[in-house]
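Chemist: structure.txt is reproduced in full below (compact mmCIF, C-alpha atoms).
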# COMPACT_ATOMS: atom_id res chain seq x y z
CA MET A 1 136.58 137.95 111.75
CA THR A 2 134.93 140.48 114.02
CA LYS A 3 136.86 143.19 115.84
CA LEU A 4 136.09 141.41 119.12
CA ASN A 5 137.79 138.18 117.99
CA ILE A 6 140.86 140.03 116.70
CA ASN A 7 141.30 141.62 120.13
CA TYR A 8 141.19 138.16 121.71
CA VAL A 9 143.88 136.94 119.31
CA TYR A 10 146.12 139.91 120.21
CA ILE A 11 145.75 139.25 123.95
CA ILE A 12 146.47 135.53 123.63
CA PHE A 13 149.44 136.23 121.35
CA PHE A 14 151.07 138.60 123.84
CA ILE A 15 150.45 136.30 126.80
CA ILE A 16 152.10 133.40 124.94
CA PHE A 17 154.94 135.68 123.84
CA PHE A 18 155.80 136.76 127.38
CA TRP A 19 155.37 133.25 128.77
CA SER A 20 157.76 131.80 126.21
CA CYS A 21 160.37 134.49 126.98
CA ASN A 22 160.44 133.28 130.57
CA LYS A 23 160.45 129.59 129.88
CA ARG A 24 163.91 128.05 129.92
CA GLN A 25 165.05 125.03 128.07
CA GLU A 26 163.87 121.87 129.73
CA GLU A 27 165.12 118.35 129.86
CA LYS A 28 162.61 116.70 127.63
CA ILE A 29 164.42 116.56 124.33
CA GLU A 30 163.03 113.81 122.16
CA SER A 31 165.65 111.74 120.41
CA GLU A 32 165.22 110.18 117.02
CA ASN A 33 168.42 108.24 117.67
CA LYS A 34 167.07 105.48 119.86
CA ILE A 35 169.43 102.51 120.08
CA THR A 36 168.66 99.28 121.86
CA PHE A 37 171.01 97.48 124.23
CA ASP A 38 170.63 93.83 123.18
CA ILE A 39 172.67 91.75 125.59
CA THR A 40 172.06 88.58 123.56
CA LYS A 41 174.41 89.93 120.87
CA ALA A 42 177.35 90.24 123.29
CA ASN A 43 180.66 88.43 122.72
CA ASP A 44 182.69 87.53 125.81
CA LEU A 45 186.21 88.91 126.21
CA ASP A 46 188.17 87.29 129.01
CA LEU A 47 191.59 88.21 130.38
CA ALA A 48 193.41 85.44 128.49
CA ASN A 49 191.93 86.47 125.15
CA ALA A 50 192.60 90.12 125.91
CA LYS A 51 196.27 89.25 126.29
CA ASP A 52 196.28 88.29 122.62
CA LEU A 53 194.68 91.54 121.42
CA LYS A 54 197.05 93.62 119.29
CA LYS A 55 198.07 96.51 121.50
CA ARG A 56 200.79 98.99 122.36
CA ILE A 57 201.75 99.09 126.02
CA ILE A 58 203.30 102.32 127.27
CA GLU A 59 204.90 101.69 130.62
CA LEU A 60 204.99 104.77 132.81
CA SER A 61 208.51 105.22 134.09
CA THR A 62 209.30 107.38 137.05
CA ASP A 63 212.29 107.38 139.37
CA SER A 64 210.45 107.29 142.65
CA ILE A 65 206.82 108.20 142.05
CA ILE A 66 204.03 105.69 142.22
CA ILE A 67 201.10 106.49 139.98
CA PRO A 68 197.91 105.70 141.91
CA ALA A 69 195.36 103.25 140.59
CA TYR A 70 192.26 104.72 138.93
CA THR A 71 194.05 107.69 137.39
CA SER A 72 192.29 109.54 134.59
CA LEU A 73 193.92 110.23 131.25
CA LEU A 74 194.10 113.24 128.95
CA ILE A 75 196.03 113.25 125.68
CA ASN A 76 197.79 116.35 124.38
CA LYS A 77 199.33 115.74 120.95
CA ASP A 78 202.14 113.31 121.80
CA GLU A 79 202.02 113.70 125.56
CA PHE A 80 199.96 112.05 128.25
CA ILE A 81 198.47 113.84 131.24
CA LEU A 82 197.34 111.61 134.11
CA TYR A 83 195.45 112.95 137.10
CA SER A 84 194.25 111.38 140.31
CA GLN A 85 191.28 112.82 142.17
CA LYS A 86 192.22 110.63 145.13
CA THR A 87 195.74 111.98 145.59
CA TYR A 88 195.21 115.39 143.93
CA GLN A 89 198.18 114.90 141.62
CA ILE A 90 198.60 115.69 137.93
CA PHE A 91 201.44 113.92 136.08
CA ARG A 92 202.82 114.75 132.64
CA PHE A 93 204.50 112.04 130.53
CA ASP A 94 206.03 112.03 127.06
CA SER A 95 204.84 109.69 124.31
CA GLU A 96 207.14 106.91 125.53
CA GLY A 97 205.88 107.10 129.11
CA ASN A 98 208.78 109.04 130.61
CA PHE A 99 207.74 111.31 133.45
CA ILE A 100 208.26 115.01 132.71
CA ASN A 101 206.75 117.03 135.55
CA PHE A 102 203.89 117.55 137.98
CA ILE A 103 201.25 120.16 137.25
CA GLY A 104 199.69 122.14 140.12
CA LYS A 105 199.54 121.35 143.78
CA ARG A 106 196.87 121.02 146.44
CA GLY A 107 197.06 123.51 149.30
CA GLY A 108 195.88 126.81 150.68
CA GLY A 109 198.24 129.06 148.73
CA PRO A 110 197.13 131.46 146.01
CA ASN A 111 198.49 129.22 143.23
CA GLU A 112 197.09 126.04 144.74
CA PHE A 113 193.75 124.26 144.59
CA THR A 114 191.72 122.83 147.46
CA GLU A 115 189.66 120.36 145.44
CA MET A 116 190.27 118.68 142.10
CA ARG A 117 186.75 118.26 140.85
CA ASP A 118 187.70 117.92 137.21
CA VAL A 119 190.60 118.59 134.84
CA ILE A 120 190.63 119.63 131.19
CA LEU A 121 193.16 120.52 128.49
CA ASN A 122 192.58 123.90 126.89
CA ASN A 123 194.96 125.25 124.22
CA ASN A 124 198.09 123.67 125.67
CA THR A 125 197.18 124.61 129.22
CA ILE A 126 195.72 122.58 132.05
CA GLU A 127 192.60 123.83 133.82
CA ILE A 128 191.57 122.45 137.19
CA LEU A 129 188.03 122.84 138.45
CA ASP A 130 188.27 123.75 142.12
CA TYR A 131 185.51 124.32 144.62
CA ASN A 132 184.75 127.85 143.42
CA ALA A 133 187.47 128.60 140.91
CA ILE A 134 189.32 127.42 137.84
CA LEU A 135 193.11 127.29 138.13
CA ARG A 136 195.10 127.43 134.91
CA TYR A 137 198.66 126.11 134.54
CA GLN A 138 201.20 125.76 131.75
CA LEU A 139 202.04 122.17 130.87
CA ASN A 140 205.43 122.66 132.50
CA GLY A 141 203.61 123.30 135.76
CA GLU A 142 203.95 127.08 135.80
CA PHE A 143 200.91 128.74 137.33
CA ILE A 144 199.03 131.13 135.01
CA GLU A 145 195.94 132.35 136.80
CA LYS A 146 193.06 131.60 139.13
CA ILE A 147 189.61 132.58 137.95
CA ASN A 148 186.86 132.72 140.52
CA ILE A 149 183.57 131.30 139.33
CA ILE A 150 180.15 131.22 140.90
CA TYR A 151 179.32 127.72 139.71
CA PRO A 152 179.80 125.03 142.40
CA ALA A 153 180.25 122.42 139.66
CA PHE A 154 181.37 118.82 140.01
CA SER A 155 182.60 118.47 136.43
CA PHE A 156 183.19 120.73 133.46
CA ALA A 157 184.16 120.83 129.81
CA LYS A 158 185.02 123.37 127.13
CA GLU A 159 183.99 123.29 123.48
CA ASN A 160 184.35 126.08 120.95
CA LYS A 161 183.85 129.23 123.00
CA ASN A 162 181.64 127.65 125.63
CA TYR A 163 182.21 126.23 129.08
CA TRP A 164 179.75 123.68 130.45
CA PHE A 165 179.39 123.18 134.20
CA TYR A 166 177.53 120.29 135.80
CA VAL A 167 176.24 121.41 139.20
CA GLY A 168 173.86 118.51 139.79
CA ASN A 169 170.87 118.70 142.07
CA ASN A 170 171.72 121.74 144.15
CA PRO A 171 168.61 123.78 144.95
CA THR A 172 170.62 126.36 146.89
CA PHE A 173 172.31 127.30 143.66
CA SER A 174 170.08 126.77 140.66
CA LYS A 175 166.93 125.16 139.40
CA PHE A 176 168.97 123.50 136.64
CA LYS A 177 171.75 120.91 136.60
CA LEU A 178 173.80 121.98 133.59
CA VAL A 179 175.03 125.53 132.97
CA GLN A 180 176.54 126.76 129.73
CA THR A 181 178.64 129.92 129.84
CA ASP A 182 180.83 131.94 127.52
CA THR A 183 184.57 132.29 128.13
CA SER A 184 183.88 135.21 130.49
CA PHE A 185 181.87 132.70 132.54
CA LEU A 186 178.70 134.67 131.99
CA LYS A 187 175.69 132.40 131.95
CA VAL A 188 174.35 131.67 128.48
CA ASN A 189 171.94 128.82 129.05
CA GLU A 190 170.67 126.34 131.61
CA TYR A 191 169.53 122.78 131.01
CA PHE A 192 167.81 119.95 132.87
CA PRO A 193 165.56 121.04 135.73
CA ILE A 194 166.63 119.68 139.10
CA ASP A 195 164.63 117.51 141.41
CA GLU A 196 164.05 119.94 144.31
CA LYS A 197 164.40 117.12 146.84
CA GLY A 198 167.28 115.47 145.02
CA ILE A 199 170.93 115.41 146.05
CA PRO A 200 173.93 115.90 143.75
CA LEU A 201 175.33 112.88 141.93
CA ILE A 202 179.08 113.43 141.68
CA GLU A 203 180.64 111.91 138.58
CA ASN A 204 182.57 112.80 135.47
CA ASN A 205 179.80 113.62 133.05
CA PHE A 206 181.80 114.82 130.08
CA GLY A 207 183.53 112.79 127.38
CA LYS A 208 186.54 114.81 126.24
CA ASN A 209 187.36 113.40 122.83
CA PHE A 210 186.84 114.69 119.28
CA TYR A 211 183.29 115.40 120.36
CA ILE A 212 182.64 116.78 123.79
CA THR A 213 179.81 114.65 125.12
CA TYR A 214 177.58 114.67 128.16
CA ARG A 215 175.78 111.95 130.11
CA GLU A 216 174.37 111.27 133.53
CA SER A 217 174.55 107.77 134.96
CA LEU A 218 170.86 107.50 135.72
CA SER A 219 169.63 108.95 132.42
CA PRO A 220 169.25 107.02 129.16
CA ASN A 221 169.86 110.20 127.12
CA LEU A 222 173.28 111.03 125.69
CA TYR A 223 174.29 114.41 124.34
CA ARG A 224 176.87 115.94 122.05
CA LEU A 225 177.95 119.47 122.98
CA ASN A 226 178.58 121.56 119.92
CA ILE A 227 177.71 125.16 120.76
CA GLU A 228 174.30 123.74 121.63
CA LEU A 229 173.14 120.62 123.40
CA GLU A 230 172.34 117.93 120.84
CA ASN A 231 170.55 114.77 121.93
CA SER A 232 172.74 112.22 120.16
CA TYR A 233 171.33 108.93 121.49
CA TYR A 234 168.52 107.59 123.60
CA ILE A 235 169.44 104.20 125.04
CA ASP A 236 166.64 101.66 125.26
CA PHE A 237 167.76 99.31 128.01
CA GLY A 238 164.55 97.25 127.80
CA GLN A 239 164.19 95.07 130.88
CA TYR A 240 167.30 96.71 132.42
CA LYS A 241 165.83 100.22 132.42
CA ILE A 242 165.71 101.81 135.87
CA PRO A 243 162.01 102.28 136.76
CA ASP A 244 160.89 105.92 136.91
CA ALA A 245 159.50 105.25 140.40
CA ILE A 246 163.05 104.59 141.67
CA ILE A 247 164.57 107.60 139.90
CA SER A 248 161.95 109.88 141.48
CA SER A 249 162.03 108.22 144.90
CA ASP A 250 163.55 109.68 148.05
CA PRO A 251 167.26 110.10 147.18
CA MET A 252 168.35 108.92 150.63
CA HIS A 253 166.83 105.53 149.89
CA MET A 254 167.36 105.28 146.14
CA ASN A 255 170.58 103.28 146.46
CA GLU A 256 168.92 100.61 148.55
CA LYS A 257 166.16 100.29 145.97
CA LEU A 258 168.69 100.04 143.14
CA ASP A 259 170.51 97.29 145.04
CA LYS A 260 167.44 95.11 144.77
CA ILE A 261 166.90 95.27 141.02
CA GLU A 262 168.66 94.34 137.78
CA TYR A 263 169.52 97.44 135.80
CA ALA A 264 172.03 98.99 133.41
CA ILE A 265 173.61 102.42 133.12
CA ILE A 266 176.00 104.25 130.80
CA ARG A 267 179.27 104.92 132.62
CA GLU A 268 181.34 106.37 129.76
CA TYR A 269 180.35 107.96 126.47
CA MET A 270 183.17 108.62 124.00
CA GLU A 271 182.74 109.65 120.40
CA ASN A 272 184.87 110.66 117.43
CA THR A 273 183.92 111.09 113.77
CA ASN A 274 183.93 107.34 113.04
CA TYR A 275 182.92 105.57 116.23
CA THR A 276 180.80 105.83 119.35
CA PHE A 277 182.12 103.89 122.35
CA LEU A 278 179.89 103.28 125.36
CA LEU A 279 180.90 101.62 128.61
CA ILE A 280 177.84 99.98 130.11
CA PHE A 281 177.58 98.76 133.70
CA LYS A 282 174.90 96.13 134.30
CA TYR A 283 174.02 95.33 137.90
CA GLU A 284 172.30 92.31 139.38
CA PRO A 285 170.46 92.38 142.72
CA ASN A 286 172.63 92.45 145.83
CA THR A 287 175.95 92.32 144.01
CA MET A 288 178.63 94.97 144.46
CA MET A 289 180.46 94.60 141.17
CA PRO A 290 178.73 95.24 137.86
CA GLN A 291 179.17 93.38 134.59
CA LEU A 292 180.99 95.55 132.06
CA PHE A 293 180.12 95.85 128.40
CA TYR A 294 181.76 97.78 125.57
CA TRP A 295 179.18 98.90 123.05
CA ILE A 296 180.91 100.10 119.89
CA ILE A 297 178.98 101.69 117.02
CA ASN A 298 180.56 102.26 113.62
CA LYS A 299 178.95 105.55 112.63
CA LYS A 300 179.70 105.13 108.93
CA ASN A 301 177.84 101.87 108.33
CA LYS A 302 175.77 101.77 111.57
CA GLU A 303 177.17 98.34 112.50
CA GLU A 304 177.55 97.74 116.21
CA ARG A 305 179.28 95.29 118.55
CA ILE A 306 178.65 94.50 122.20
CA ILE A 307 181.56 92.96 124.10
CA ARG A 308 181.18 91.67 127.65
CA VAL A 309 184.32 91.95 129.78
CA LYS A 310 184.02 88.52 131.30
CA ASP A 311 186.59 88.67 134.10
CA PHE A 312 186.22 91.45 136.63
CA VAL A 313 189.71 92.07 137.99
CA GLU A 314 190.15 95.57 139.33
CA GLU A 315 193.79 95.90 138.23
CA SER A 316 193.03 94.98 134.62
CA TYR A 317 193.17 97.76 132.04
CA LEU A 318 189.97 96.33 130.51
CA LEU A 319 187.98 98.03 133.24
CA PHE A 320 189.31 101.50 132.41
CA PRO A 321 188.75 102.64 128.83
CA GLN A 322 189.55 106.34 128.97
CA ARG A 323 189.87 108.09 125.61
CA ILE A 324 189.20 107.56 121.94
CA SER A 325 191.60 109.38 119.62
CA ASN A 326 190.92 110.94 116.24
CA ASN A 327 192.78 108.04 114.60
CA ASP A 328 190.40 105.47 116.11
CA THR A 329 192.55 104.23 118.97
CA ILE A 330 191.16 103.50 122.42
CA TYR A 331 193.40 104.32 125.38
CA PHE A 332 193.12 102.36 128.60
CA THR A 333 195.01 102.65 131.88
CA GLY A 334 195.83 99.71 134.13
CA TYR A 335 197.74 96.44 134.09
CA ASP A 336 197.85 93.89 131.27
CA ILE A 337 197.24 90.81 133.37
CA GLY A 338 196.46 87.40 131.89
CA ASN A 339 194.39 85.69 134.55
CA GLU A 340 192.52 86.32 137.78
CA ASN A 341 195.33 84.91 139.93
CA GLU A 342 198.12 86.99 138.43
CA GLN A 343 199.59 89.24 141.11
CA VAL A 344 200.27 92.87 140.36
CA ASP A 345 203.46 94.32 141.80
CA GLN A 346 202.15 97.04 144.11
CA ASN A 347 205.34 99.04 143.51
CA SER A 348 204.86 99.12 139.77
CA ASN A 349 202.98 101.79 137.89
CA PRO A 350 199.95 101.10 135.73
CA SER A 351 200.50 101.38 131.98
CA ILE A 352 198.74 103.24 129.20
CA ILE A 353 197.45 100.71 126.69
CA GLU A 354 196.49 101.56 123.11
CA ILE A 355 194.19 99.30 121.10
CA LYS A 356 192.88 100.09 117.62
CA ILE A 357 189.14 100.24 117.89
CA GLU A 358 188.87 98.17 114.71
CA ASP A 359 190.64 95.29 116.49
CA LEU A 360 188.15 95.45 119.34
CA PHE A 361 185.28 95.86 116.91
CA ASN A 362 186.27 92.73 115.02
CA TYR A 363 187.02 90.73 118.16
CA GLY A 364 185.21 87.38 118.21
CA ILE A 365 184.07 87.49 114.58
CA MET B 1 133.15 151.44 125.08
CA ARG B 2 134.00 147.87 124.04
CA LYS B 3 137.30 149.12 122.64
CA LYS B 4 138.17 150.68 126.01
CA ILE B 5 137.40 147.46 127.88
CA PHE B 6 139.65 145.41 125.62
CA SER B 7 142.46 147.93 125.84
CA SER B 8 142.25 147.71 129.63
CA VAL B 9 142.22 143.90 129.60
CA PHE B 10 145.17 143.90 127.24
CA ALA B 11 147.19 146.31 129.43
CA LEU B 12 146.37 144.23 132.52
CA ALA B 13 147.52 141.01 130.83
CA LEU B 14 150.73 142.72 129.73
CA LEU B 15 151.45 143.99 133.25
CA ALA B 16 150.67 140.62 134.84
CA THR B 17 152.99 138.62 132.58
CA ALA B 18 155.81 141.18 132.83
CA GLY B 19 155.41 141.25 136.62
CA TRP B 20 155.49 137.48 136.81
CA GLY B 21 158.69 137.41 134.76
CA VAL B 22 160.40 140.00 136.99
CA ASN B 23 159.32 138.11 140.09
CA LYS B 24 160.74 134.85 138.72
CA SER B 25 164.02 136.48 137.84
CA MET B 26 164.27 138.10 141.30
CA SER B 27 163.67 134.80 143.04
CA ASN B 28 166.52 133.22 141.01
CA ASP B 29 168.88 135.95 142.16
CA ALA B 30 167.88 135.22 145.75
CA GLY B 31 168.93 131.60 145.19
CA LEU B 32 172.40 132.78 144.22
CA SER B 33 172.82 134.71 147.46
CA ASP B 34 171.85 131.65 149.47
CA LEU B 35 174.35 129.65 147.52
CA ALA B 36 177.12 132.14 148.08
CA LEU B 37 176.45 131.98 151.80
CA ALA B 38 176.31 128.18 151.79
CA ASN B 39 179.53 127.98 149.82
CA VAL B 40 181.38 130.34 152.13
CA GLU B 41 180.28 128.22 155.09
CA ALA B 42 181.27 125.00 153.37
CA LEU B 43 184.66 126.33 152.35
CA ALA B 44 185.39 127.61 155.84
CA SER B 45 184.38 124.28 157.28
CA GLY B 46 186.40 122.37 154.67
CA GLU B 47 189.55 124.33 155.36
CA SER B 48 189.33 123.93 159.11
CA GLY B 49 188.82 120.20 159.35
CA ASN B 50 188.24 118.70 155.93
CA HIS B 51 184.64 118.19 156.96
CA LEU B 52 182.33 117.90 153.97
CA PRO B 53 178.94 119.12 155.13
CA TYR B 54 176.50 118.30 152.34
CA GLN B 55 174.81 115.07 151.33
CA SER B 56 175.62 113.84 147.84
CA GLN B 57 176.05 110.56 146.06
CA GLY B 58 178.81 109.32 143.82
CA TYR B 59 181.14 106.50 142.84
CA CYS B 60 183.11 105.96 146.03
CA THR B 61 184.47 102.67 144.69
CA MET B 62 184.23 103.37 140.96
CA TRP B 63 181.67 100.61 140.59
CA ARG B 64 178.50 101.57 142.38
CA ILE B 65 176.64 104.74 143.29
CA GLN B 66 176.79 105.28 147.03
CA LYS B 67 175.98 108.09 149.41
CA MET B 68 178.88 110.42 150.09
CA CYS B 69 179.54 113.87 151.54
CA SER B 70 180.62 116.88 149.51
CA SER B 71 181.39 120.55 150.01
CA THR B 72 178.36 121.77 148.07
CA GLY B 73 174.73 120.84 148.14
CA ALA B 74 171.59 121.64 150.05
CA TYR B 75 171.06 118.98 152.70
CA ALA B 76 173.24 118.08 155.69
CA CYS B 77 175.38 115.03 155.17
CA GLN B 78 174.18 111.98 157.08
CA VAL B 79 175.98 109.13 155.32
CA ASP B 80 179.48 109.18 153.85
CA CYS B 81 181.28 106.53 151.78
For this file, produce the structure as structure tokens.

Modeler:
Amino acid sequence: MTKLNINYVYIIFFIIFFWSCNKRQEEKIESENKITFDITKANDLDLANAKDLKKRIIELSTDSIIIPAYTSLLINKDEFILYSQKTYQIFRFDSEGNFINFIGKRGGGPNEFTEMRDVILNNNTIEILDYNAILRYQLNGEFIEKINIIYPAFSFAKENKNYWFYVGNNPTFSKFKLVQTDTSFLKVNEYFPIDEKGIPLIENNFGKNFYITYRESLSPNLYRLNIELENSYYIDFGQYKIPDAIISSDPMHMNEKLDKIEYAIIREYMENTNYTFLLIFKYEPNTMMPQLFYWIINKKNKEERIIRVKDFVEESYLLFPQRISNNDTIYFTGYDIGNENEQVDQNSNPSIIEIKIEDLFNYGI
Amino acid sequence: MRKKIFSSVFALALLATAGWGVNKSMSNDAGLSDLALANVEALASGESGNHLPYQSQGYCTMWRIQKMCSSTGAYACQVDC
């Protein structure tokens, strides 16, 4: 090789070196774990059959407090933490469903939060993601500290020594949607470039089970967060895939375009060492309510089941799978009603319902 | 002579890429300042009248993505749940 060519190689090498130092991690992570949503394999589960499923019902007993519908559930050893982003309340219950105490309060005081964007358990404490801060409380409700953060995130999670903040499409803040920080909240990494003209999609992106997981409703990619972002699954929805043209269309008119097509999305992604549980919403044109599917994958033998929740009754626990425990139990919240016409006592609290995932997995076989 | 030319080209390339990197990093910092300002405005507005100024989308009813307002974002809210 002549001296001239060697000089060219040096120049190109340094240009590439500096370019790569500036390039951040981008969304396109190819997955080898493509799985296909095959609706023809689905078994129907209706309310009457669900009544017969083996389950443990934990009735939430309080003297005078009504637990709102659509509460979210966290599990801390043998206690249950329920929180409502509608009423800004956090309730603590023992393993039998007896109310213990409230945690935190909304307000303008120094120990209070203005927004409850997300809630996590962290080493026997509760952390609330506020508008521009994280508030930390003891489980008995005692305030610990308020930590100001610069991330205007809509949801968050903690794994190992990392925090993950989902800030969505917010060009005034960042060119990326997902921010990973250390426990000092110093930025470590950024993922998923935003759409500059996009608007934030507010949702709970993180699955807080044995594995901390991440998903976005309009993306077919699922991720496991374990120090790094690991692309765990790519969902092939086939004919129910949202066309790229709609995803990249004007966000102010995207909803109207979605209303006119048949499509499917992943609404929950829960995973432990043995199972992956996906809650799929499938929409048909001009209908408000989706069809719900549980998609359960046995990670040991790769067998999978798809179960269609046949009756859509908003009070039913079947619509709210919330957590999967390390001992393969799925926790739901809601009412165990047997048919569409059954009335729910508006003064009663919803229950926590435990079902062994094996019983769901083997349903209909 | 040829050696001098290549040294110059190399130095120029080095300067250009380093400069581009610094510029990129500076522009990101500018974004943060904008955000801080936007957030202060949003918070002030939120505290005074619970008005959420920015356009977002989310699950207003749990079941379907709809347009909604939020306290952070980039574009003025036109449609709420």

Chemist: List every residue of region 100-198 of chain A that has an atom at most 12 Å from any atom of region 250-263 of chain A, and for each one report the closest atom pair and its distance in Å to one decimal, counting only C-alpha atoms, with rows sorted by chain and then by increasing residue number, as CSV.

Modeler:
residue,atom,partner,partner_atom,distance
A:Asn169,CA,A:Pro251,CA,10.6
A:Asp195,CA,A:Pro251,CA,9.8
A:Glu196,CA,A:Pro251,CA,10.7
A:Lys197,CA,A:Asp250,CA,7.6
A:Gly198,CA,A:Pro251,CA,5.8

Chemist: Should the cut-off be 6 Å, what would the residue list for chain A against chain B look like, counting all atoms listed in the file, as JSON, numbers by chain?

Modeler: {"A": [11, 170, 172, 173, 199, 200, 201, 202]}

Chemist: Find the residues around Leu178 (chain A) up to 12 Å (all atoms listed in the file counted), leave out those fewer than 4 positions away in its own chain, and share them as a ChimeraX atom specification.

Modeler: /A:25-27,151-157,163-170,173-174,187-194,200,205-206,214-216,223,225,229

Chemist: Enter the distance from CA of Asp236 (chain A) to CA of Arg224 (chain A), in Å, rounded to one decimal.

Modeler: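 Separating CA of Asp236 (chain A) from CA of Arg224 (chain A) is a distance of 17.9 Å.
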
Chemist: For CA of Tyr83 (chain A) and CA of Thr333 (chain A), determine how far apart the two atoms are, in Å to one decimal place.

Modeler: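 Interatomic distance, CA of Tyr83 (chain A) to CA of Thr333 (chain A): 11.6 Å.
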
Chemist: Rounded to one decimal in Å, what is the spacing between CA of Asp130 (chain A) and CA of Ile147 (chain A)?

Modeler: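 Computing the Euclidean distance for CA of Asp130 (chain A) and CA of Ile147 (chain A) yields 9.9 Å.
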
Chemist: Could you name the residues that touch Glu115 (chain A) at 8 Å or less, counting all atoms listed in the file, but leaving out those on the same chain fewer than 6 positions away, as a short mmCIF file (atom, residue, chain, number, x, y, z; two decimals) with C-alpha atoms, keeping the file's coordinate frame?

Modeler:
data_model
loop_
_atom_site.label_atom_id
_atom_site.label_comp_id
_atom_site.auth_asym_id
_atom_site.auth_seq_id
_atom_site.Cartn_x
_atom_site.Cartn_y
_atom_site.Cartn_z
CA TYR A 88 195.21 115.39 143.93
CA ARG A 106 196.87 121.02 146.44
CA LEU A 129 188.03 122.84 138.45
CA ASP A 130 188.27 123.75 142.12
CA TYR A 131 185.51 124.32 144.62
#

Chemist: Within 9 Å of Asp336 (chain A), counting only C-alpha atoms, which residues show up once you throw out same-chain ones fewer than 3 positions away? Write them as number ranges by chain, please.

Modeler: A: 47, 50-51, 57, 315-318, 350-351, 353

Chemist: Skipping near chain neighbours, those fewer than 6 positions away, what residues fall within 12 Å of Pro321 (chain A) using all atoms listed in the file, listed as a PyMOL selection string?

Modeler: chain A and resi 70-74+207+267-270+277-280+292-295+309+329-334+352-355+357+360

Chemist: Which residues are close to Pro220 (chain A), i.e. within 9 Å by all atoms listed in the file, leaving aside same-chain residues fewer than 4 positions away? Reply as a PDB file with C-alpha atoms, in the coordinates of the input.

Modeler:
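What landed in selection.pdb:
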ATOM      1  CA  ARG A 215     175.780 111.950 130.110  1.00  0.00           C
ATOM      2  CA  GLU A 216     174.370 111.270 133.530  1.00  0.00           C
ATOM      3  CA  TYR A 233     171.330 108.930 121.490  1.00  0.00           C
ATOM      4  CA  TYR A 234     168.520 107.590 123.600  1.00  0.00           C
ATOM      5  CA  ILE A 235     169.440 104.200 125.040  1.00  0.00           C
ATOM      6  CA  ASP A 236     166.640 101.660 125.260  1.00  0.00           C
ATOM      7  CA  PHE A 237     167.760  99.310 128.010  1.00  0.00           C
ATOM      8  CA  LYS A 241     165.830 100.220 132.420  1.00  0.00           C
ATOM      9  CA  ILE A 265     173.610 102.420 133.120  1.00  0.00           C
ATOM     10  CA  ILE A 266     176.000 104.250 130.800  1.00  0.00           C
TER      11      ILE A 266
END

Chemist: Report as JSON the centre and the edge lengths, in Å to one decimal, of the axis-aligned box holding every listed atom of region 345-353 of chain A, padded by 5 Å on each side.

Modeler:
{"center_x": 201.4, "center_y": 98.8, "center_z": 135.4, "size_x": 17.9, "size_y": 18.9, "size_z": 27.4}

Chemist: Only N, CA and C atoms needed: put region 57-68 of chain B from the block into a file as a short mmCIF file (atom, residue, chain, number, x, y, z; two decimals), in the first residue's frame.

Modeler:
data_model
loop_
_atom_site.label_atom_id
_atom_site.label_comp_id
_atom_site.auth_asym_id
_atom_site.auth_seq_id
_atom_site.Cartn_x
_atom_site.Cartn_y
_atom_site.Cartn_z
N GLN B 57 -51.80 12.74 23.80
CA GLN B 57 -52.83 11.73 23.59
C GLN B 57 -52.66 10.65 24.65
N GLY B 58 -53.72 9.94 24.92
CA GLY B 58 -53.64 8.93 25.97
C GLY B 58 -54.93 8.16 26.07
N TYR B 59 -55.00 7.29 27.09
CA TYR B 59 -56.18 6.44 27.27
C TYR B 59 -57.15 7.12 28.25
N CYS B 60 -57.93 8.03 27.73
CA CYS B 60 -58.91 8.72 28.58
C CYS B 60 -59.88 7.71 29.18
N THR B 61 -60.28 6.72 28.40
CA THR B 61 -61.30 5.77 28.85
C THR B 61 -60.73 4.38 29.11
N MET B 62 -59.45 4.25 29.11
CA MET B 62 -58.77 2.95 29.27
C MET B 62 -58.73 2.15 27.98
N TRP B 63 -59.67 2.40 27.08
CA TRP B 63 -59.85 1.46 25.97
C TRP B 63 -59.35 1.97 24.63
N ARG B 64 -59.24 3.26 24.47
CA ARG B 64 -58.89 3.76 23.15
C ARG B 64 -58.03 5.00 23.28
N ILE B 65 -57.06 5.14 22.39
CA ILE B 65 -56.21 6.33 22.42
C ILE B 65 -57.02 7.52 21.92
N GLN B 66 -57.02 8.57 22.72
CA GLN B 66 -57.74 9.79 22.33
C GLN B 66 -56.86 11.00 22.61
N LYS B 67 -57.22 12.11 22.02
CA LYS B 67 -56.45 13.33 22.29
C LYS B 67 -56.78 13.84 23.70
N MET B 68 -55.77 14.32 24.38
CA MET B 68 -55.99 14.85 25.73
C MET B 68 -54.94 15.93 26.01
#
